[in-house]
$ cat target-v6.txt   # compact mmCIF, C-alpha atoms
# COMPACT_ATOMS: atom_id res chain seq x y z
CA MET A 1 -21.64 -17.09 21.36
CA LEU A 2 -21.41 -17.76 25.10
CA SER A 3 -18.10 -15.92 25.43
CA ASN A 4 -19.33 -12.96 23.37
CA LEU A 5 -22.61 -12.81 25.29
CA SER A 6 -20.73 -11.92 28.47
CA VAL A 7 -19.35 -8.72 26.87
CA PRO A 8 -22.62 -6.82 26.33
CA LEU A 9 -23.86 -8.10 29.70
CA LEU A 10 -20.90 -6.25 31.19
CA GLY A 11 -21.89 -3.11 29.26
CA LEU A 12 -25.48 -3.50 30.44
CA ALA A 13 -24.30 -3.89 34.04
CA ASP A 14 -22.14 -0.76 33.81
CA ILE A 15 -24.92 1.32 32.27
CA THR A 16 -27.41 0.00 34.84
CA MET A 17 -25.10 0.93 37.74
CA MET A 18 -24.63 4.42 36.32
CA GLY A 19 -28.36 4.69 35.60
CA HIS A 20 -29.16 4.26 39.30
CA LEU A 21 -26.80 6.95 40.61
CA GLY A 22 -29.41 9.67 40.23
CA SER A 23 -27.94 11.71 37.35
CA PRO A 24 -27.60 11.18 33.57
CA VAL A 25 -24.06 12.62 33.70
CA PHE A 26 -22.69 9.29 34.95
CA ILE A 27 -24.19 7.39 32.00
CA GLY A 28 -22.76 10.03 29.68
CA ALA A 29 -19.36 9.92 31.41
CA VAL A 30 -18.95 6.18 30.83
CA ALA A 31 -20.26 6.51 27.26
CA LEU A 32 -17.85 9.34 26.38
CA GLY A 33 -14.99 7.89 28.41
CA SER A 34 -15.29 4.66 26.44
CA ILE A 35 -14.97 6.39 23.07
CA PRO A 36 -11.12 6.48 22.99
CA PHE A 37 -11.05 2.79 23.93
CA ASN A 38 -13.57 1.99 21.23
CA PHE A 39 -11.19 3.58 18.72
CA ILE A 40 -7.96 2.23 20.20
CA TYR A 41 -8.96 -1.34 20.98
CA SER A 42 -11.16 -1.78 17.95
CA GLY A 43 -8.46 -0.31 15.73
CA LEU A 44 -5.91 -2.70 17.22
CA ALA A 45 -8.29 -5.67 17.17
CA PHE A 46 -6.43 -6.79 14.04
CA LEU A 47 -4.17 -8.52 16.55
CA ARG A 48 -7.08 -10.86 17.22
CA MET A 49 -8.76 -10.96 13.81
CA GLY A 50 -5.68 -11.29 11.66
CA THR A 51 -4.14 -13.82 14.04
CA SER A 52 -7.24 -16.02 14.00
CA GLY A 53 -7.55 -16.10 10.20
CA MET A 54 -3.88 -16.75 9.46
CA THR A 55 -3.50 -19.26 12.31
CA ALA A 56 -6.58 -21.15 11.11
CA GLN A 57 -5.14 -21.38 7.59
CA HIS A 58 -1.87 -22.78 8.94
CA TYR A 59 -3.83 -25.18 11.13
CA GLY A 60 -5.85 -26.39 8.14
CA ALA A 61 -2.62 -26.94 6.24
CA GLY A 62 -1.17 -28.91 9.18
CA ASN A 63 1.72 -26.48 9.78
CA LEU A 64 2.16 -26.28 13.59
CA GLN A 65 5.48 -24.43 13.27
CA ALA A 66 3.71 -21.57 11.49
CA CYS A 67 0.91 -21.65 14.11
CA ALA A 68 3.43 -21.23 16.92
CA LEU A 69 5.16 -18.36 15.13
CA MET A 70 1.80 -16.60 14.66
CA LEU A 71 1.25 -16.53 18.43
CA GLN A 72 4.79 -15.29 19.04
CA ARG A 73 4.37 -12.56 16.42
CA ALA A 74 1.00 -11.43 17.82
CA LEU A 75 2.23 -11.25 21.43
CA ILE A 76 5.33 -9.24 20.50
CA ALA A 77 3.22 -6.80 18.47
CA GLY A 78 0.66 -6.49 21.27
CA GLY A 79 3.30 -5.80 23.91
CA VAL A 80 5.01 -3.08 21.86
CA LEU A 81 1.70 -1.37 21.00
CA ALA A 82 0.59 -1.44 24.65
CA LEU A 83 3.75 0.34 25.78
CA LEU A 84 3.21 3.01 23.12
CA LEU A 85 -0.36 3.59 24.33
CA LEU A 86 0.76 4.06 27.92
CA ALA A 87 3.44 6.50 26.80
CA MET A 88 0.83 8.52 24.86
CA LYS A 89 -2.03 8.45 27.40
CA GLY A 90 -1.78 12.15 28.28
CA PHE A 91 -1.79 13.26 24.65
CA ILE A 92 -4.72 10.96 23.80
CA ALA A 93 -6.77 12.28 26.73
CA THR A 94 -6.11 15.95 25.97
CA THR A 95 -6.73 15.63 22.24
CA GLY A 96 -9.61 13.15 22.34
CA PHE A 97 -11.77 14.85 24.95
CA GLY A 98 -11.05 18.23 23.45
CA LEU A 99 -12.95 17.10 20.34
CA LEU A 100 -16.02 15.83 22.21
CA GLU A 101 -18.99 17.90 23.26
CA GLY A 102 -20.94 17.60 26.49
CA SER A 103 -21.36 19.32 29.83
CA ALA A 104 -18.18 20.23 31.72
CA GLU A 105 -19.06 17.76 34.47
CA THR A 106 -19.60 14.90 32.03
CA ILE A 107 -16.36 15.59 30.14
CA GLY A 108 -14.38 15.83 33.40
CA LEU A 109 -15.70 12.50 34.66
CA ALA A 110 -15.11 10.88 31.26
CA LYS A 111 -11.46 12.02 31.18
CA SER A 112 -10.84 10.66 34.67
CA TYR A 113 -12.40 7.34 33.65
CA PHE A 114 -10.08 7.13 30.63
CA LEU A 115 -6.86 7.89 32.54
CA ILE A 116 -7.59 5.03 34.95
CA ARG A 117 -8.77 2.44 32.46
CA ILE A 118 -5.82 2.96 30.07
CA TRP A 119 -3.60 0.99 32.49
CA ALA A 120 -5.40 -2.16 31.34
CA ALA A 121 -3.93 -1.73 27.81
CA PRO A 122 -1.14 -4.36 28.10
CA ALA A 123 -3.59 -6.99 29.35
CA VAL A 124 -6.12 -6.20 26.63
CA LEU A 125 -3.67 -6.28 23.70
CA LEU A 126 -1.91 -9.45 24.84
CA GLN A 127 -5.32 -11.07 25.23
CA PHE A 128 -6.12 -10.12 21.62
CA GLY A 129 -3.18 -12.25 20.50
CA PHE A 130 -4.13 -15.18 22.71
CA HIS A 131 -7.83 -15.11 21.79
CA GLY A 132 -7.21 -14.90 18.05
CA TRP A 133 -4.70 -17.71 18.26
CA PHE A 134 -7.01 -19.97 20.30
CA ILE A 135 -9.81 -19.44 17.77
CA GLY A 136 -7.45 -20.13 14.86
CA MET A 137 -6.45 -23.38 16.57
CA GLN A 138 -10.17 -24.34 16.53
CA ASP A 139 -10.29 -23.94 20.31
CA ALA A 140 -13.39 -21.95 21.24
CA ARG A 141 -13.50 -23.23 24.82
CA SER A 142 -10.42 -21.46 26.15
CA PRO A 143 -11.49 -17.93 25.09
CA MET A 144 -15.03 -18.75 26.25
CA PHE A 145 -13.88 -19.56 29.79
CA VAL A 146 -11.57 -16.53 29.80
CA ALA A 147 -14.22 -14.09 28.56
CA ILE A 148 -17.00 -15.33 30.84
CA SER A 149 -14.76 -15.45 33.92
CA GLU A 150 -13.24 -12.06 33.16
CA ASN A 151 -16.55 -10.31 32.60
CA ILE A 152 -18.19 -11.82 35.69
CA LEU A 153 -15.19 -10.61 37.70
CA ASN A 154 -15.50 -7.22 36.00
CA ILE A 155 -19.11 -6.84 37.10
CA LEU A 156 -18.24 -7.86 40.66
CA PHE A 157 -15.21 -5.55 40.80
CA ASN A 158 -17.24 -2.67 39.34
CA PHE A 159 -20.06 -3.17 41.85
CA MET A 160 -17.54 -3.21 44.70
CA MET A 161 -15.77 -0.07 43.47
CA VAL A 162 -18.93 1.90 42.61
CA PHE A 163 -21.14 1.08 45.58
CA GLY A 164 -18.65 -0.33 48.12
CA PHE A 165 -15.98 2.36 47.80
CA GLY A 166 -18.22 5.08 46.35
CA LEU A 167 -15.98 5.75 43.35
CA LEU A 168 -18.92 6.24 40.92
CA SER A 169 -17.79 6.27 37.26
CA ASP A 170 -14.12 5.96 38.29
CA GLY A 171 -15.04 2.74 40.04
CA VAL A 172 -16.11 1.20 36.73
CA ALA A 173 -12.66 2.03 35.31
CA TRP A 174 -10.79 0.49 38.26
CA GLY A 175 -12.93 -2.64 38.13
CA THR A 176 -12.16 -3.03 34.45
CA VAL A 177 -8.40 -2.75 34.99
CA MET A 178 -8.40 -5.49 37.64
CA ALA A 179 -10.58 -7.80 35.55
CA ARG A 180 -8.44 -7.45 32.40
CA TYR A 181 -5.29 -8.61 34.20
CA ALA A 182 -7.21 -11.52 35.70
CA GLY A 183 -8.26 -12.46 32.15
CA LEU A 184 -4.66 -12.32 30.92
CA MET A 185 -3.57 -14.70 33.67
CA LEU A 186 -6.31 -17.10 32.59
CA CYS A 187 -5.05 -16.95 28.97
CA VAL A 188 -1.56 -17.92 30.13
CA PHE A 189 -3.06 -20.73 32.22
CA PHE A 190 -4.93 -22.24 29.24
CA TYR A 191 -1.91 -21.90 26.95
CA VAL A 192 0.33 -23.73 29.45
CA ARG A 193 -2.31 -26.37 30.08
CA LYS A 194 -3.04 -27.16 26.42
CA TYR A 195 -0.23 -25.92 24.19
CA VAL A 196 2.96 -25.52 26.19
CA GLY A 197 4.65 -28.11 23.95
CA LEU A 198 4.44 -25.67 21.01
CA THR A 199 6.71 -23.26 22.87
CA ALA A 200 9.64 -25.34 21.59
CA LEU A 201 8.67 -24.19 18.07
CA PHE A 202 9.08 -20.50 18.93
CA ASN A 203 11.88 -18.84 16.99
CA LEU A 204 12.40 -15.10 17.27
CA ARG A 205 14.31 -14.81 13.99
CA ASP A 206 11.59 -16.63 12.03
CA ALA A 207 8.81 -14.71 13.80
CA MET A 208 10.44 -11.41 12.79
CA GLU A 209 11.33 -12.55 9.24
CA ILE A 210 10.68 -9.67 6.84
CA ARG A 211 8.42 -11.48 4.37
CA ALA A 212 6.31 -12.96 7.18
CA LEU A 213 5.97 -9.55 8.84
CA LYS A 214 5.02 -7.94 5.54
CA HIS A 215 2.21 -10.48 5.06
CA PHE A 216 1.14 -10.14 8.72
CA PHE A 217 0.92 -6.36 8.61
CA GLY A 218 -0.51 -6.31 5.08
CA ILE A 219 -3.49 -8.38 6.18
CA ASN A 220 -3.77 -6.48 9.44
CA GLY A 221 -3.37 -3.07 7.82
CA ASN A 222 -6.60 -3.58 5.88
CA LEU A 223 -8.33 -4.77 9.05
CA PHE A 224 -7.04 -1.69 10.88
CA VAL A 225 -8.55 0.68 8.31
CA ARG A 226 -11.81 -1.31 8.25
CA THR A 227 -12.13 -1.20 12.04
CA ILE A 228 -11.16 2.45 12.43
CA LEU A 229 -13.91 3.36 9.96
CA LEU A 230 -16.42 1.26 11.89
CA MET A 231 -15.47 2.98 15.12
CA MET A 232 -15.55 6.38 13.41
CA VAL A 233 -19.19 5.75 12.55
CA LEU A 234 -20.10 4.65 16.08
CA THR A 235 -18.11 7.52 17.60
CA LEU A 236 -19.80 10.08 15.36
CA PHE A 237 -23.12 8.58 16.40
CA THR A 238 -22.26 9.18 20.08
CA ALA A 239 -20.74 12.60 19.38
CA PHE A 240 -23.86 13.77 17.49
CA SER A 241 -25.97 12.40 20.34
CA SER A 242 -23.99 14.50 22.85
CA ARG A 243 -24.72 17.64 20.81
CA MET A 244 -28.42 17.09 21.52
CA GLY A 245 -27.88 17.27 25.28
CA ASP A 246 -27.17 14.94 28.19
CA ASP A 247 -30.66 13.41 28.08
CA MET A 248 -30.41 12.41 24.40
CA LEU A 249 -26.87 11.14 24.94
CA ALA A 250 -28.12 8.97 27.80
CA ALA A 251 -31.12 7.72 25.77
CA ASN A 252 -29.02 6.76 22.74
CA SER A 253 -26.40 5.16 25.00
CA LEU A 254 -29.13 2.93 26.42
CA LEU A 255 -30.45 2.05 22.95
CA LEU A 256 -26.95 1.20 21.74
CA GLN A 257 -26.80 -1.46 24.44
CA PHE A 258 -29.49 -3.35 22.48
CA PHE A 259 -27.31 -3.11 19.38
CA PHE A 260 -24.17 -4.21 21.21
CA PHE A 261 -25.98 -7.13 22.84
CA PHE A 262 -27.12 -8.42 19.45
CA SER A 263 -23.84 -7.71 17.69
CA TYR A 264 -21.70 -9.48 20.28
CA LEU A 265 -23.94 -12.54 20.27
CA ILE A 266 -24.11 -12.82 16.46
CA ASP A 267 -20.34 -12.31 16.41
CA GLY A 268 -20.16 -15.77 17.97
CA TYR A 269 -21.08 -17.06 14.52
CA ALA A 270 -18.59 -14.64 12.97
CA TYR A 271 -15.79 -16.03 15.16
CA ALA A 272 -16.78 -19.57 14.19
CA ALA A 273 -16.70 -18.40 10.57
CA GLU A 274 -13.14 -17.09 11.01
CA ALA A 275 -11.94 -20.41 12.40
CA LEU A 276 -13.73 -22.66 9.91
CA THR A 277 -13.19 -20.49 6.84
CA GLY A 278 -9.48 -20.28 7.62
CA LYS A 279 -9.28 -24.02 8.25
CA TYR A 280 -10.98 -24.95 4.97
CA THR A 281 -9.06 -22.29 3.06
CA GLY A 282 -5.77 -23.74 4.35
CA ALA A 283 -6.94 -27.26 3.53
CA GLY A 284 -8.21 -26.21 0.07
CA LYS A 285 -11.75 -27.55 0.74
CA ALA A 286 -13.97 -25.16 -1.19
CA GLU A 287 -17.16 -27.27 -1.11
CA ALA A 288 -16.97 -27.74 2.68
CA LEU A 289 -16.63 -23.98 2.99
CA ARG A 290 -19.76 -23.39 0.87
CA ILE A 291 -21.74 -25.70 3.16
CA ILE A 292 -20.49 -23.90 6.28
CA ILE A 293 -21.49 -20.51 4.83
CA ARG A 294 -25.02 -21.75 4.11
CA HIS A 295 -25.40 -23.04 7.67
CA LEU A 296 -24.08 -19.78 9.10
CA PHE A 297 -26.65 -17.69 7.27
CA VAL A 298 -29.58 -19.94 8.13
CA MET A 299 -28.74 -19.89 11.85
CA GLY A 300 -27.76 -16.22 11.84
CA GLY A 301 -31.02 -15.27 10.14
CA LEU A 302 -33.06 -17.17 12.72
CA TRP A 303 -31.23 -15.53 15.61
CA SER A 304 -31.70 -12.05 14.13
CA LEU A 305 -35.44 -12.66 13.70
CA GLY A 306 -35.59 -13.84 17.32
CA PHE A 307 -33.92 -10.66 18.54
CA THR A 308 -36.33 -8.53 16.55
CA LEU A 309 -39.29 -10.27 18.19
CA VAL A 310 -37.79 -9.92 21.69
CA TYR A 311 -37.08 -6.22 21.19
CA LEU A 312 -40.59 -5.71 19.80
CA ALA A 313 -42.26 -7.43 22.75
CA GLY A 314 -40.00 -6.31 25.60
CA GLY A 315 -38.01 -3.27 24.51
CA ARG A 316 -39.63 -0.78 26.88
CA PHE A 317 -39.45 -3.23 29.77
CA ILE A 318 -35.69 -3.67 29.19
CA LEU A 319 -35.21 0.11 29.10
CA GLY A 320 -36.92 0.31 32.49
CA LEU A 321 -34.42 -2.18 33.89
CA LEU A 322 -31.47 -0.16 32.62
CA THR A 323 -32.40 3.10 34.35
CA SER A 324 -34.80 4.35 36.99
CA ASP A 325 -35.05 7.74 35.23
CA GLY A 326 -38.55 7.74 33.71
CA SER A 327 -37.88 10.68 31.39
CA ILE A 328 -34.88 8.90 29.84
CA VAL A 329 -36.92 5.70 29.37
CA SER A 330 -39.68 7.71 27.67
CA LEU A 331 -37.21 9.53 25.40
CA ALA A 332 -35.42 6.32 24.39
CA GLY A 333 -38.77 4.63 23.76
CA ASP A 334 -39.53 7.15 21.01
CA TYR A 335 -36.70 5.64 18.93
CA LEU A 336 -37.16 1.99 19.85
CA GLY A 337 -38.51 1.17 16.37
CA TYR A 338 -35.02 1.48 14.89
CA ILE A 339 -33.67 -1.05 17.38
CA ILE A 340 -36.48 -3.48 16.58
CA ILE A 341 -35.52 -3.73 12.88
CA LEU A 342 -31.76 -3.45 13.42
CA PRO A 343 -31.02 -7.21 13.82
CA VAL A 344 -32.53 -8.27 10.49
CA VAL A 345 -30.94 -5.30 8.70
CA SER A 346 -27.43 -5.91 10.04
CA TYR A 347 -26.78 -9.63 10.63
CA ALA A 348 -25.33 -10.30 7.15
CA ALA A 349 -22.57 -7.75 7.73
CA PHE A 350 -21.44 -9.49 10.93
CA LEU A 351 -21.39 -12.96 9.38
CA TRP A 352 -19.52 -11.87 6.25
CA ASP A 353 -16.94 -10.11 8.42
CA GLY A 354 -15.97 -13.45 9.97
CA ILE A 355 -15.92 -15.27 6.62
CA TYR A 356 -13.79 -12.62 4.91
CA ILE A 357 -11.36 -12.50 7.86
CA GLY A 358 -10.97 -16.29 7.83
CA ALA A 359 -10.25 -16.18 4.11
CA THR A 360 -7.91 -13.19 4.70
CA ALA A 361 -9.84 -11.33 1.97
CA THR A 362 -9.29 -8.15 3.92
CA ARG A 363 -8.85 -5.76 1.00
CA THR A 364 -12.45 -6.23 -0.12
CA LEU A 365 -13.61 -5.99 3.51
CA ARG A 366 -11.81 -2.64 3.79
CA ASN A 367 -13.22 -1.27 0.52
CA ILE A 368 -16.83 -2.11 1.37
CA MET A 369 -16.41 -0.46 4.77
CA MET A 370 -15.10 2.67 3.08
CA ALA A 371 -18.13 2.84 0.79
CA ALA A 372 -20.61 2.27 3.63
CA SER A 373 -18.90 4.93 5.78
CA CYS A 374 -19.20 7.48 2.98
CA VAL A 375 -22.93 6.75 2.74
CA PHE A 376 -23.27 7.21 6.51
CA LEU A 377 -21.56 10.60 6.39
CA ALA A 378 -23.65 11.72 3.41
CA LEU A 379 -26.91 10.70 5.09
CA ILE A 380 -26.02 12.44 8.37
CA SER A 381 -25.54 15.67 6.43
CA ALA A 382 -28.66 15.21 4.32
CA LEU A 383 -30.87 14.27 7.29
CA GLU A 384 -29.48 16.81 9.76
CA ALA A 385 -32.88 18.49 10.06
CA SER A 386 -34.37 15.17 11.21
CA ALA A 387 -32.10 15.23 14.29
CA ASN A 388 -32.07 11.89 16.13
CA HIS A 389 -34.28 10.14 13.57
CA GLY A 390 -31.75 11.04 10.88
CA LEU A 391 -28.96 9.69 13.07
CA TRP A 392 -30.61 6.27 13.43
CA ILE A 393 -31.58 6.08 9.74
CA SER A 394 -27.94 6.77 8.81
CA LEU A 395 -26.70 4.00 11.11
CA LEU A 396 -29.16 1.44 9.73
CA ALA A 397 -28.22 2.34 6.14
CA PHE A 398 -24.53 1.92 6.99
CA LEU A 399 -25.09 -1.57 8.38
CA PHE A 400 -27.30 -2.66 5.48
CA ILE A 401 -24.86 -1.47 2.80
CA ARG A 402 -22.01 -3.36 4.45
CA GLY A 403 -23.95 -6.62 4.34
CA ALA A 404 -25.20 -6.08 0.78
CA GLY A 405 -21.76 -5.14 -0.56
CA LEU A 406 -20.00 -8.08 1.06
CA THR A 407 -22.68 -10.43 -0.29
CA TRP A 408 -22.17 -9.08 -3.82
CA TYR A 409 -18.40 -9.68 -3.83
CA ALA A 410 -18.38 -12.85 -1.72
CA ASP A 411 -17.92 -15.55 -4.35
CA LYS A 412 -14.99 -13.85 -6.04
CA ALA A 413 -13.25 -12.69 -2.86
CA ILE A 414 -13.66 -15.83 -0.74
CA PHE A 415 -12.99 -18.59 -3.22
CA ASN A 416 -10.23 -16.71 -4.98
CA GLY A 417 -8.70 -16.66 -1.49
CA ILE A 418 -8.53 -20.45 -1.46
CA ARG A 419 -6.71 -20.46 -4.77
CA GLY A 420 -4.42 -17.67 -3.56
CA TYR A 421 -3.55 -19.56 -0.39
CA LYS A 422 -2.66 -22.66 -2.41
CA LYS A 423 -0.38 -20.55 -4.61
CA ARG A 424 1.37 -18.92 -1.61
CA LYS A 425 1.83 -22.32 -0.01
CA HIS A 426 3.37 -23.70 -3.23
CA ASP A 427 5.63 -20.65 -3.67
CA ASN A 428 6.84 -20.86 -0.05
CA ALA A 429 7.61 -24.56 -0.42
CA GLN A 430 9.45 -23.91 -3.66
CA SER A 431 11.42 -21.06 -2.08
CA GLN A 432 12.48 -23.26 0.83
CA ALA A 433 13.49 -26.05 -1.58
CA ASP A 434 15.59 -23.59 -3.62
CA MET A 435 17.34 -22.36 -0.45
CA GLN A 436 18.17 -25.92 0.52
$ encode --input "target-v6.txt" --output "structure tokens"
Amino acid sequence: MLSNLSVPLLGLADITMMGHLGSPVFIGAVALGSIPFNFIYSGLAFLRMGTSGMTAQHYGAGNLQACALMLQRALIAGGVLALLLLAMKGFIATTGFGLLEGSAETIGLAKSYFLIRIWAAPAVLLQFGFHGWFIGMQDARSPMFVAISENILNILFNFMMVFGFGLLSDGVAWGTVMARYAGLMLCVFFYVRKYVGLTALFNLRDAMEIRALKHFFGINGNLFVRTILLMMVLTLFTAFSSRMGDDMLAANSLLLQFFFFFSYLIDGYAYAAEALTGKYTGAGKAEALRIIIRHLFVMGGLWSLGFTLVYLAGGRFILGLLTSDGSIVSLAGDYLGYIIILPVVSYAAFLWDGIYIGATATRTLRNIMMAASCVFLALISALEASANHGLWISLLAFLFIRGAGLTWYADKAIFNGIRGYKKRKHDNAQSQADMQ
């Protein structure tokens, strides 16, 4: 939770800096310029999610060789994907921003922001592998220190670039690039400090073994589809906001910071769920897993209720801190009611995400996301006349359906996963015995 909390604080700091530059175009530029990264990094976040779940299962089974190979596999995949992104940066910028709507000034600033920030791609994707692996190894402290340090540095670098060098929205991009490479160096530091002995277990041939790669990309392929759909929904939300003008885009961008703040914090429980679900799945301890799930939902429910009360009591005050533009604060305040109920509507979806990922029950996770996305698209069309109210209703329905669907299928998907892991473990042992 502490490591995740630093992420939305960074987003809040960026929005606040842009909100005090005297024009809503800077808020819109960072919001639109972040859209390609939301798609790219969220789509490739399987490098973190899949790595954490599979590593945790190997850890629970006591197989350190397999744990080491998971890190090697994730880092190789992250490095290759990062090089591909850099090679395609021009195409992504031209195509992506050609599909977005907004004023010419906002789009121009957003494109410049993207072309600077894309150089952080290698650091980001390699960190995905490290973070997922640390979590799978039941080590929450290393990614916590990395995330907090990196995001504090990011805020400091951004402030220096925006106000010290006068680079405005481009300054936020440069600050992010510097901070991401600092975070990668910290990941390497913690690996060397705690796990360097496992490097002896690295084996390129075993890491690239066809059956292992098929399982790795099978799990991660479902996570890729699931995450792309999630980002499609959030991107459409921002794109539809931009159609209503720069002021509405700025207002919804501010309100989304409330959502991101809650989602990143509750994802702390989801990350814990990945590690513990994977561990107990690998160890075959179904009853321990049931107890963990009950605790997760009790604590997650209390936190979501707390956020609802905070947003109810202080939502307008927080908006006033994010921007000095009174008209934007007033406009965003008209839709604050949706943010107030959002935590209690959505927290189940976040918790089940972590549990399903830890159990590597990613096919069901993907299918529920597909169904919820279809409902979102249908509601946007049906409620088009309601403009921004329809947009927020569609988003809340999407989040609720995800949580309800994952709850419905949980018992079958999660605990069948334990039995499936035991069978794979037995089949692999038998295969190795036959080869010998």
$ residues_around --input "target-v6.txt" --residues "region 265-272 of chain A" --least-positions-apart "6" --cutoff "7 Å" --atoms "all atoms listed in the file" --output "compact mmCIF listing (two decimals) with C-alpha atoms, in the frame of the given file"
# COMPACT_ATOMS: atom_id res chain seq x y z
CA MET A 1 -21.64 -17.09 21.36
CA ASN A 4 -19.33 -12.96 23.37
CA LEU A 5 -22.61 -12.81 25.29
CA LEU A 296 -24.08 -19.78 9.10
CA GLY A 300 -27.76 -16.22 11.84
CA PHE A 350 -21.44 -9.49 10.93
CA LEU A 351 -21.39 -12.96 9.38
CA ASP A 353 -16.94 -10.11 8.42
CA GLY A 354 -15.97 -13.45 9.97
CA ILE A 355 -15.92 -15.27 6.62
$ residues_around --input "target-v6.txt" --residues "Ala359 (chain A)" --least-positions-apart "6" --cutoff "7 Å" --atoms "only C-alpha atoms" --output "list in words"
Gly53, Thr277, Gly278, Thr281, Ile414 and Gly417 of chain A
$ atom_distance --input "target-v6.txt" --atom1 "CA of Val30 (chain A)" --atom2 "CA of Ala110 (chain A)"
6.1 Å
$ residues_around --input "target-v6.txt" --residues "Phe240 (chain A)" --least-positions-apart "5" --cutoff "9 Å" --atoms "all atoms listed in the file" --output "count of residues only"
6
$ atom_distance --input "target-v6.txt" --atom1 "CA of Leu86 (chain A)" --atom2 "CA of Val233 (chain A)"
25.2 Å
$ residues_near_point --input "target-v6.txt" --point "(-12.1, -20.4, 27.4)" --cutoff "12 Å" --atoms "all atoms listed in the file" --output "ChimeraX atom specification"
/A:1-4,127,130-132,134-135,138-150,183-184,186-191,193-194
$ closest_residue --input "target-v6.txt" --among "A:Met208, A:Met54, A:Leu44, A:Ala61" --to "Gly78 (chain A)" --atoms "only C-alpha atoms"
A:Leu44
$ closest_residue --input "target-v6.txt" --among "A:Gly108, A:Gly164, A:Gly320, A:Gly358" --to "Leu289 (chain A)" --atoms "only C-alpha atoms"
A:Gly358
$ atom_distance --input "target-v6.txt" --atom1 "CA of Ala82 (chain A)" --atom2 "CA of Val192 (chain A)"
22.8 Å
$ residues_around --input "target-v6.txt" --residues "region 90-99 of chain A" --least-positions-apart "5" --cutoff "8 Å" --atoms "only C-alpha atoms" --output "PyMOL selection string"
chain A and resi 36+107+111+114-115
$ write_last_selection --input "target-v6.txt" --atoms "C-alpha atoms" --output "PDB file, in the coordinates of the input"
ATOM      1  CA  PRO A  36     -11.120   6.480  22.990  1.00  0.00           C
ATOM      2  CA  ILE A 107     -16.360  15.590  30.140  1.00  0.00           C
ATOM      3  CA  LYS A 111     -11.460  12.020  31.180  1.00  0.00           C
ATOM      4  CA  PHE A 114     -10.080   7.130  30.630  1.00  0.00           C
ATOM      5  CA  LEU A 115      -6.860   7.890  32.540  1.00  0.00           C
TER       6      LEU A 115
END
